[in-house]
Amino acid sequence: MAEQHDTPQEVTRRRVFYIPGYDPIHPRRYRELYRKEGAAQAAISGYALTLSPKKGGGAYGWHVQTVMEGAETQADIEVLVWSDIVRDSMSNSIPATYAQLLRTSWEYIATGALRRLMRLRKGPVIAALYPVGALLVQLGLALLLGWVGFALIGLLTPWLGIAATLSGLIAWGGIAYAVLRWFRARDGKLFAYYLMHDYAFSALHRGANPPALEARMSEFAATIGTALTEDVDEVLVVGHSSGAHLAVSILADLIRAGRVPANGPRLAFLSLGQVVPMVSFLRDAHRLRADLRFLSASEALSWVDVTAPGDGCAFALCDPVSVSGVAPADKRWPLVFSAQFTRSLSPERWKELRWRFFRLHFQYLCAFDRPRDYDYFRITAGPLSLASRYAGRPPSASRIDHAVSKYTSVAA
């Protein structure tokens with residue numbers, strides 16, 4: 001794609017705040033991803049993009065300089081870290097994880113939330129069911145192999161009588177637990193425990209935020225609020241995966257508190273690969289539903305929601321406000337459209353990635369070898385504001401924008 005030189009420059013300096021999803025890993029992974037994929041996209045699209053260390057204190061981040069469409073732009077990108085809360089929520093106990101499985105399954109199934117989520121997209125529901133199925137299969141195999149050990153002891157030492165039975169039961173338990181530990185040690189490739197912890201985190205409080213997360217979100221709001229008083233042209237909040245519904249509540253709090261100055265920088269919100277219905281469909285998600293309703297009618301920001309049907313871990317093209325049943329009559333946001341993985345990636349690249357589900361969930365933050373109108377690096381470090389970049393852009397015709405959730409209350 002040839003570099004264009006006819007785009008007016010609205011943004012010279014930008015502050016970007018990236019809110020990751022349920023991720024226990026150090027935020028340096030996002031800097032390295034931006035560095036690698038930004039360089040790749042710059043080479044493909046014909047612009048210049050360079051990274052340098054962040055200046056000053058505060059959250060983990062980096063500085064970006066670009067030359068796009070003949071305009072020079074600077075962006076300071078920060079990761080709003082809650083990985084410590086994620087790690088604290090991830091039990092290292094095998095029995096505790098199976099207890100989470102029972103509680104989480106009950107919350108989604110008994111309330112009808114799972115059935116209603118299946119009316120939206122099958123992909124993320126299958127992703128939610130995967131850890132349940134995988135953990136049950138692991139438990140079944142563990143019990144089966146333990147039973148084999150029990151049976152062998154009974155066959156080889158029949159003269160021991162009750163002692164043989166007791167020895168067999170001990171062997172059964174020991175073998176079963178050893179098998180479960182073997183699976184647990186390999187969860188870096190299987191992701192069953194990780195995903196179970198993820199869904200259990202939201203289900204534990206039935207869609208409400210735990211106190212530790214509420215406190216961290218208040219800190220995030222204060223950080224973003226300070227940026228809105230600085231001499232920059234745009235403050236852009238990016239919420240990816242579970243980070244999208246955190247951003248909804250953080251921004252709603254900021255606007256309600258009057259911390260978005262009328263003569264300050266433009267405020268923009270980009271939600272990527274969102275899984276909002278997994279939380280907003282739960283019975284006690286009153287706060288999130290109220291924030292969705294409020295933010296969708298706000299004139300204080302621009303909100304663009306980008307997903308893709310090729311991402312099996314996201315509720316692709318599901319308007320998070322409308323499907324949650326809280327769309328007001330004066331709803332303005334979000335603009336919902338697709339990143340079109342199957343068209344913005346070459347057939348060769350799509351073939352390489354299509355079965356790598358977790359990698360595709362991060363494709364929004366990566367380079368496209370046949371880019372269309374979605375480019376993460378132009379949005380976060382280019383000369384146009386989010387509002388202007390997508391002004392007049394129609395939403396995807398195939399979006400789902402009718403109420404589906406059973407629970408629509410917005411007051412606790």
# chains A, B, ... in the order shown; residues from 1 in each chain; ligands from 1

$ residues_around --residues "Trp172 (chain A)" --least-positions-apart "2" --cutoff "8 Å" --atoms "only C-alpha atoms" --output "CSV table (one decimal) with N, CA, C and O atoms, in the first residue's frame"
chain,number,residue,atom,x,y,z
A,143,LEU,N,-8.8,-40.7,36.8
A,143,LEU,CA,-9.6,-41.7,37.6
A,143,LEU,C,-9.4,-43.1,36.9
A,143,LEU,O,-9.3,-44.1,37.6
A,145,LEU,N,-6.9,-44.2,35.0
A,145,LEU,CA,-5.6,-44.8,35.2
A,145,LEU,C,-5.4,-45.2,36.7
A,145,LEU,O,-4.7,-46.2,37.0
A,146,GLY,N,-6.0,-44.4,37.6
A,146,GLY,CA,-5.9,-44.8,39.0
A,146,GLY,C,-6.6,-46.1,39.2
A,146,GLY,O,-6.2,-47.0,40.0
A,147,TRP,N,-7.8,-46.3,38.5
A,147,TRP,CA,-8.5,-47.6,38.7
A,147,TRP,C,-7.7,-48.8,38.1
A,147,TRP,O,-7.7,-49.9,38.7
A,148,VAL,N,-7.0,-48.5,37.0
A,148,VAL,CA,-6.1,-49.6,36.5
A,148,VAL,C,-5.1,-50.0,37.5
A,148,VAL,O,-4.8,-51.2,37.7
A,149,GLY,N,-4.5,-49.0,38.2
A,149,GLY,CA,-3.5,-49.3,39.3
A,149,GLY,C,-4.2,-50.1,40.4
A,149,GLY,O,-3.6,-51.0,40.9
A,150,PHE,N,-5.4,-49.7,40.8
A,150,PHE,CA,-6.1,-50.4,41.8
A,150,PHE,C,-6.4,-51.8,41.4
A,150,PHE,O,-6.2,-52.8,42.2
A,168,GLY,N,-4.7,-50.6,47.2
A,168,GLY,CA,-5.2,-50.3,45.8
A,168,GLY,C,-5.8,-48.9,45.8
A,168,GLY,O,-5.7,-48.1,44.9
A,169,LEU,N,-6.6,-48.6,46.9
A,169,LEU,CA,-7.3,-47.3,47.0
A,169,LEU,C,-6.2,-46.2,47.1
A,169,LEU,O,-6.4,-45.1,46.5
A,170,ILE,N,-5.2,-46.4,47.9
A,170,ILE,CA,-4.1,-45.4,48.0
A,170,ILE,C,-3.4,-45.2,46.7
A,170,ILE,O,-3.2,-44.1,46.2
A,174,GLY,N,-3.2,-41.8,44.5
A,174,GLY,CA,-1.9,-41.3,44.1
A,174,GLY,C,-1.7,-41.2,42.6
A,174,GLY,O,-1.2,-40.2,42.1
A,175,ILE,N,-2.1,-42.2,41.9
A,175,ILE,CA,-2.0,-42.2,40.4
A,175,ILE,C,-2.9,-41.1,39.8
A,175,ILE,O,-2.4,-40.3,38.9
A,176,ALA,N,-4.1,-41.0,40.3
A,176,ALA,CA,-5.0,-40.0,39.7
A,176,ALA,C,-4.5,-38.6,40.0
A,176,ALA,O,-4.5,-37.7,39.1

$ residues_around --residues "region 251-256 of chain A" --least-positions-apart "5" --cutoff "12 Å" --atoms "only C-alpha atoms" --output "ChimeraX atom specification"
/A:17,19,214,217-228,235-239,244-246,261-262,267-270,287-303

$ closest_atom_pairs --of "region 257-307 of chain A" --to "region 94-107 of chain A" --cutoff "12 Å" --atoms "only C-alpha atoms" --output "Markdown table"
| residue | atom | partner | partner_atom | distance |
| --- | --- | --- | --- | --- |
| A:Met278 | CA | A:Glu107 | CA | 11.3 |
| A:Val279 | CA | A:Glu107 | CA | 11.2 |
| A:Phe281 | CA | A:Glu107 | CA | 10.7 |
| A:Leu282 | CA | A:Glu107 | CA | 8.0 |
| A:Arg283 | CA | A:Glu107 | CA | 8.9 |
| A:Asp284 | CA | A:Glu107 | CA | 10.9 |

$ select_by_dssp --residues "region 245-391 of chain A" --states "strand (DSSP E or B)" --output "list in words"
Arg266, Leu267, Ala268, Phe269, Leu270, Ser271, Leu272, Ser302, Trp303, Val304, Asp305, Val306, Thr307, Cys318, Leu335, Val336, Phe337 and Ser338 of chain A

$ write_last_selection --atoms "C-alpha atoms" --output "mmCIF file, in the first residue's frame"
data_model
loop_
_atom_site.group_PDB
_atom_site.id
_atom_site.type_symbol
_atom_site.label_atom_id
_atom_site.label_comp_id
_atom_site.auth_asym_id
_atom_site.auth_seq_id
_atom_site.Cartn_x
_atom_site.Cartn_y
_atom_site.Cartn_z
ATOM 1 C CA ARG A 266 -10.348 14.527 22.332
ATOM 2 C CA LEU A 267 -11.320 11.418 24.276
ATOM 3 C CA ALA A 268 -11.565 8.197 22.297
ATOM 4 C CA PHE A 269 -12.270 4.579 23.171
ATOM 5 C CA LEU A 270 -11.294 1.627 21.001
ATOM 6 C CA SER A 271 -12.617 -1.762 22.163
ATOM 7 C CA LEU A 272 -10.991 -4.762 20.513
ATOM 8 C CA SER A 302 -15.981 8.567 20.470
ATOM 9 C CA TRP A 303 -16.288 4.780 20.797
ATOM 10 C CA VAL A 304 -15.355 2.304 18.084
ATOM 11 C CA ASP A 305 -15.750 -1.440 18.624
ATOM 12 C CA VAL A 306 -13.701 -3.716 16.366
ATOM 13 C CA THR A 307 -14.024 -7.492 16.294
ATOM 14 C CA CYS A 318 -22.218 -8.098 18.737
ATOM 15 C CA LEU A 335 -19.610 2.082 15.975
ATOM 16 C CA VAL A 336 -19.359 -1.679 15.405
ATOM 17 C CA PHE A 337 -17.420 -3.086 12.478
ATOM 18 C CA SER A 338 -15.220 -5.992 11.515
#

$ select_by_dssp --residues "region 212-244 of chain A" --states "helix (DSSP H, G or I)" --output "VMD selection string"
chain A and resid 212 to 227 242 to 244

$ atom_distance --atom1 "CA of Gly173 (chain A)" --atom2 "CA of Lys189 (chain A)"
25.4 Å
